[in-house]
Amino acid sequence: MNPRIKNRLLLLATAFLFSTGGAAIKACSLGSWQVAGFRSGVASLAVFALLPASRRGLNWRVLPAATAYAATLILFVTATKLTTAANAIYLQATAPLYVLALGPLLLGERIRRSDLLFGAAVAMGLGLFFVTRQRTLATAPNPALGDVLGLLSGVGWALTVMGLRWLGKRSDGGGAIATVGVGNLIACLISLPRALPVLHSHATDWLVILYLGLVQIGLAYYCLTRAIGHVPAFEATTLMLLEPALNPVWVWLIQGERPAALAVLGGAIILSATLVHTWTESRKAP
């Protein structure tokens, strides 16, 4: 196969696999701590086994980003259990807003006028989540708390991204994927005390856990690392936006979950702003 087509198909596969997380998490009857802990335990083993770079990149410098990533994983699983999948994934997608706010303080990065316009658009989309009341559903039993945790998962992802930027300036390579392996290991260790003992479960729950760890995370990152270095940044970002776009679709098709209309509009604004901002920045790049 033509390498150009192959790499783009790998990125589409990555986005597709990531997007199934919401539906799989909701399909598992285990509690939030159990899903987060067991999923991350399997994922950590898969990442270290499938990706040799994750083992080569191990050093103490990955700990800040890995810890933030672990918090993101736990918060996202819990948010997905409590609110709609659309709210959970779209609120996590507000991470660039916090990168803009914290970047000058933590990384010494200068804010430009285009960044402020982007931040304003994301903030407007974010506001729509909190001016409407998401009704309680069987798949979203506590949407108010879930939305807060989804918001915090966005903060965690922002800290992860900034940690990876810091790591990238001090590492020869492999640090990013090592962060994924270590972050999942930390998430597992944090969750296990609250996850055990497992009093009630079904065989399908463990199949879902294996899918989440081996496929939705492990295989997805395998595809991502094989392709990301061979596709221009804007095109890669565009292809990866398929994840938040599809995530609530799978939950709607499988569980019949319908998010509030204003939440969908807010998510569309956030994703559109991200796409436009990335395109603008790619035009400026040499």
# chains A, B, ... in the order shown; residues from 1 in each chain; ligands from 1
call {"tool": "residues_around", "arguments": {"residues": "Leu241 of chain A", "least_positions_apart": "2", "cutoff": "12 Å", "atoms": "only C-alpha atoms", "output": "PyMOL selection string"}}
result
chain A and resi 11-12+14-16+18-19+89-90+93+234-239+243-247+267-268+270-276+278
call {"tool": "residues_around", "arguments": {"residues": "Pro143 of chain A", "least_positions_apart": "3", "cutoff": "9 Å", "atoms": "only C-alpha atoms", "output": "PDB file with N, CA and C atoms, in the first residue's frame"}}
result
ATOM      1  N   ALA A  79     -16.227  10.657  34.737  1.00  0.00           N
ATOM      2  CA  ALA A  79     -17.143  11.595  34.093  1.00  0.00           C
ATOM      3  C   ALA A  79     -18.045  10.874  33.100  1.00  0.00           C
ATOM      4  N   LEU A  82     -20.906   9.160  34.737  1.00  0.00           N
ATOM      5  CA  LEU A  82     -21.889   9.998  35.427  1.00  0.00           C
ATOM      6  C   LEU A  82     -22.688  10.913  34.504  1.00  0.00           C
ATOM      7  N   THR A  83     -22.059  11.380  33.427  1.00  0.00           N
ATOM      8  CA  THR A  83     -22.747  12.288  32.519  1.00  0.00           C
ATOM      9  C   THR A  83     -22.786  11.664  31.129  1.00  0.00           C
ATOM     10  N   THR A  84     -23.279  12.399  30.142  1.00  0.00           N
ATOM     11  CA  THR A  84     -23.329  11.845  28.795  1.00  0.00           C
ATOM     12  C   THR A  84     -21.926  11.758  28.217  1.00  0.00           C
ATOM     13  N   ASN A  87     -20.846  15.095  26.694  1.00  0.00           N
ATOM     14  CA  ASN A  87     -20.355  16.084  27.647  1.00  0.00           C
ATOM     15  C   ASN A  87     -18.943  15.741  28.117  1.00  0.00           C
ATOM     16  N   ARG A 133     -29.547  22.423  31.361  1.00  0.00           N
ATOM     17  CA  ARG A 133     -29.583  21.358  32.363  1.00  0.00           C
ATOM     18  C   ARG A 133     -29.753  20.020  31.661  1.00  0.00           C
ATOM     19  N   GLN A 134     -28.731  19.186  31.739  1.00  0.00           N
ATOM     20  CA  GLN A 134     -28.810  17.850  31.167  1.00  0.00           C
ATOM     21  C   GLN A 134     -29.695  16.982  32.055  1.00  0.00           C
ATOM     22  N   ARG A 135     -30.742  16.420  31.476  1.00  0.00           N
ATOM     23  CA  ARG A 135     -31.637  15.584  32.279  1.00  0.00           C
ATOM     24  C   ARG A 135     -30.943  14.275  32.657  1.00  0.00           C
ATOM     25  N   THR A 136     -31.339  13.724  33.776  1.00  0.00           N
ATOM     26  CA  THR A 136     -30.775  12.461  34.248  1.00  0.00           C
ATOM     27  C   THR A 136     -31.232  11.314  33.355  1.00  0.00           C
ATOM     28  N   LEU A 137     -30.287  10.469  32.988  1.00  0.00           N
ATOM     29  CA  LEU A 137     -30.564   9.305  32.150  1.00  0.00           C
ATOM     30  C   LEU A 137     -30.033   8.057  32.851  1.00  0.00           C
ATOM     31  N   ALA A 140     -26.544   8.252  32.355  1.00  0.00           N
ATOM     32  CA  ALA A 140     -25.940   9.486  32.877  1.00  0.00           C
ATOM     33  C   ALA A 140     -26.658   9.848  34.181  1.00  0.00           C
ATOM     34  N   GLY A 146     -20.785  14.799  36.885  1.00  0.00           N
ATOM     35  CA  GLY A 146     -20.021  14.307  35.744  1.00  0.00           C
ATOM     36  C   GLY A 146     -19.443  15.430  34.909  1.00  0.00           C
ATOM     37  N   ASP A 147     -20.204  16.510  34.735  1.00  0.00           N
ATOM     38  CA  ASP A 147     -19.705  17.650  33.961  1.00  0.00           C
ATOM     39  C   ASP A 147     -18.515  18.319  34.653  1.00  0.00           C
ATOM     40  N   VAL A 148     -18.583  18.433  35.975  1.00  0.00           N
ATOM     41  CA  VAL A 148     -17.459  19.016  36.724  1.00  0.00           C
ATOM     42  C   VAL A 148     -16.214  18.146  36.565  1.00  0.00           C
TER      43      VAL A 148
END
call {"tool": "select_by_dssp", "arguments": {"residues": "segment 44-174 of chain A", "states": "helix (DSSP H, G or I)", "output": "VMD selection string"}}
result
chain A and resid 44 to 50 52 to 56 60 to 82 85 to 92 95 to 106 113 to 130 143 to 168
call {"tool": "write_last_selection", "arguments": {"atoms": "C-alpha atoms", "output": "mmCIF file, in the first residue's frame"}}
result
data_model
loop_
_atom_site.group_PDB
_atom_site.id
_atom_site.type_symbol
_atom_site.label_atom_id
_atom_site.label_comp_id
_atom_site.auth_asym_id
_atom_site.auth_seq_id
_atom_site.Cartn_x
_atom_site.Cartn_y
_atom_site.Cartn_z
ATOM 1 C CA SER A 44 0.042 -0.261 30.684
ATOM 2 C CA LEU A 45 1.046 -3.859 29.944
ATOM 3 C CA ALA A 46 -0.083 -3.494 26.317
ATOM 4 C CA VAL A 47 1.837 -0.256 25.743
ATOM 5 C CA PHE A 48 5.083 -1.577 27.242
ATOM 6 C CA ALA A 49 4.734 -4.840 25.276
ATOM 7 C CA LEU A 50 3.695 -3.412 21.897
ATOM 8 C CA PRO A 52 9.594 -0.727 22.552
ATOM 9 C CA ALA A 53 10.012 3.072 22.584
ATOM 10 C CA SER A 54 7.929 3.172 25.751
ATOM 11 C CA ARG A 55 10.600 1.111 27.525
ATOM 12 C CA ARG A 56 13.513 3.071 26.058
ATOM 13 C CA TRP A 60 12.224 10.235 36.031
ATOM 14 C CA ARG A 61 11.390 13.107 33.671
ATOM 15 C CA VAL A 62 8.206 11.393 32.483
ATOM 16 C CA LEU A 63 6.664 11.473 35.969
ATOM 17 C CA PRO A 64 5.070 14.974 35.871
ATOM 18 C CA ALA A 65 3.286 14.359 32.564
ATOM 19 C CA ALA A 66 2.499 10.736 33.495
ATOM 20 C CA THR A 67 0.896 11.803 36.774
ATOM 21 C CA ALA A 68 -1.265 14.388 35.009
ATOM 22 C CA TYR A 69 -2.198 11.770 32.398
ATOM 23 C CA ALA A 70 -3.157 9.291 35.146
ATOM 24 C CA ALA A 71 -5.488 11.887 36.678
ATOM 25 C CA THR A 72 -6.978 12.534 33.228
ATOM 26 C CA LEU A 73 -7.680 8.835 32.691
ATOM 27 C CA ILE A 74 -9.445 8.411 36.041
ATOM 28 C CA LEU A 75 -11.429 11.640 35.731
ATOM 29 C CA PHE A 76 -12.541 10.847 32.177
ATOM 30 C CA VAL A 77 -13.782 7.360 33.073
ATOM 31 C CA THR A 78 -15.680 8.703 36.089
ATOM 32 C CA ALA A 79 -17.143 11.595 34.093
ATOM 33 C CA THR A 80 -18.270 9.211 31.346
ATOM 34 C CA LYS A 81 -20.017 7.029 33.933
ATOM 35 C CA LEU A 82 -21.889 9.998 35.427
ATOM 36 C CA ALA A 85 -20.432 10.674 26.642
ATOM 37 C CA ALA A 86 -20.776 13.866 24.587
ATOM 38 C CA ASN A 87 -20.355 16.084 27.647
ATOM 39 C CA ALA A 88 -17.394 14.063 28.927
ATOM 40 C CA ILE A 89 -15.428 14.135 25.668
ATOM 41 C CA TYR A 90 -16.297 17.727 24.709
ATOM 42 C CA LEU A 91 -15.411 19.065 28.169
ATOM 43 C CA GLN A 92 -12.079 17.267 27.961
ATOM 44 C CA ALA A 95 -7.877 21.516 27.347
ATOM 45 C CA PRO A 96 -6.343 24.083 24.930
ATOM 46 C CA LEU A 97 -8.095 26.837 26.896
ATOM 47 C CA TYR A 98 -6.167 25.862 30.037
ATOM 48 C CA VAL A 99 -2.934 25.477 28.074
ATOM 49 C CA LEU A 100 -3.362 29.103 26.976
ATOM 50 C CA ALA A 101 -4.016 30.218 30.544
ATOM 51 C CA LEU A 102 -1.185 28.235 32.168
ATOM 52 C CA GLY A 103 1.362 28.204 29.338
ATOM 53 C CA PRO A 104 2.923 31.606 30.150
ATOM 54 C CA LEU A 105 3.297 30.627 33.813
ATOM 55 C CA LEU A 106 4.524 27.034 33.445
ATOM 56 C CA ARG A 113 -3.913 37.661 19.593
ATOM 57 C CA SER A 114 -4.981 34.632 17.540
ATOM 58 C CA ASP A 115 -4.677 32.542 20.723
ATOM 59 C CA LEU A 116 -6.996 34.920 22.552
ATOM 60 C CA LEU A 117 -9.610 34.636 19.797
ATOM 61 C CA PHE A 118 -9.335 30.862 19.924
ATOM 62 C CA GLY A 119 -9.625 30.873 23.711
ATOM 63 C CA ALA A 120 -12.708 33.084 23.539
ATOM 64 C CA ALA A 121 -14.388 30.677 21.100
ATOM 65 C CA VAL A 122 -13.602 27.663 23.303
ATOM 66 C CA ALA A 123 -14.862 29.531 26.380
ATOM 67 C CA MET A 124 -18.108 30.332 24.566
ATOM 68 C CA GLY A 125 -18.577 26.666 23.681
ATOM 69 C CA LEU A 126 -17.762 25.701 27.256
ATOM 70 C CA GLY A 127 -20.369 28.108 28.617
ATOM 71 C CA LEU A 128 -23.136 26.335 26.706
ATOM 72 C CA PHE A 129 -22.619 23.206 28.812
ATOM 73 C CA PHE A 130 -23.567 25.093 31.958
ATOM 74 C CA PRO A 143 -24.743 14.777 34.955
ATOM 75 C CA ALA A 144 -23.939 17.808 37.161
ATOM 76 C CA LEU A 145 -21.072 16.036 38.950
ATOM 77 C CA GLY A 146 -20.021 14.307 35.744
ATOM 78 C CA ASP A 147 -19.705 17.650 33.961
ATOM 79 C CA VAL A 148 -17.459 19.016 36.724
ATOM 80 C CA LEU A 149 -15.246 15.925 36.506
ATOM 81 C CA GLY A 150 -15.207 16.218 32.708
ATOM 82 C CA LEU A 151 -14.043 19.795 33.101
ATOM 83 C CA LEU A 152 -11.275 18.638 35.458
ATOM 84 C CA SER A 153 -10.250 15.961 32.965
ATOM 85 C CA GLY A 154 -9.706 18.777 30.483
ATOM 86 C CA VAL A 155 -7.430 20.484 33.018
ATOM 87 C CA GLY A 156 -5.593 17.187 33.510
ATOM 88 C CA TRP A 157 -5.133 16.776 29.769
ATOM 89 C CA ALA A 158 -3.840 20.349 29.493
ATOM 90 C CA LEU A 159 -1.262 19.620 32.206
ATOM 91 C CA THR A 160 -0.348 16.414 30.350
ATOM 92 C CA VAL A 161 0.234 18.319 27.113
ATOM 93 C CA MET A 162 2.355 20.917 28.885
ATOM 94 C CA GLY A 163 4.281 18.153 30.631
ATOM 95 C CA LEU A 164 4.985 16.543 27.253
ATOM 96 C CA ARG A 165 6.194 19.881 25.874
ATOM 97 C CA TRP A 166 8.538 20.250 28.827
ATOM 98 C CA LEU A 167 9.664 16.652 28.393
ATOM 99 C CA GLY A 168 10.246 17.116 24.663
#
call {"tool": "atom_distance", "arguments": {"atom1": "atom CA of Thr94 of chain A", "atom2": "atom CA of Thr20 of chain A"}}
result
19.6 Å
call {"tool": "residues_around", "arguments": {"residues": "Gln255 of chain A", "least_positions_apart": "5", "cutoff": "9 Å", "atoms": "only C-alpha atoms", "output": "PyMOL selection string"}}
result
chain A and resi 23+26-27+139+250
call {"tool": "atom_distance", "arguments": {"atom1": "atom CA of Trp206 of chain A", "atom2": "atom CA of Ala176 of chain A"}}
result
28.3 Å
call {"tool": "closest_residue", "arguments": {"among": "A:Cys28, A:Leu192, A:Leu10, A:Ile177", "to": "Val208 of chain A", "atoms": "only C-alpha atoms"}}
result
A:Cys28
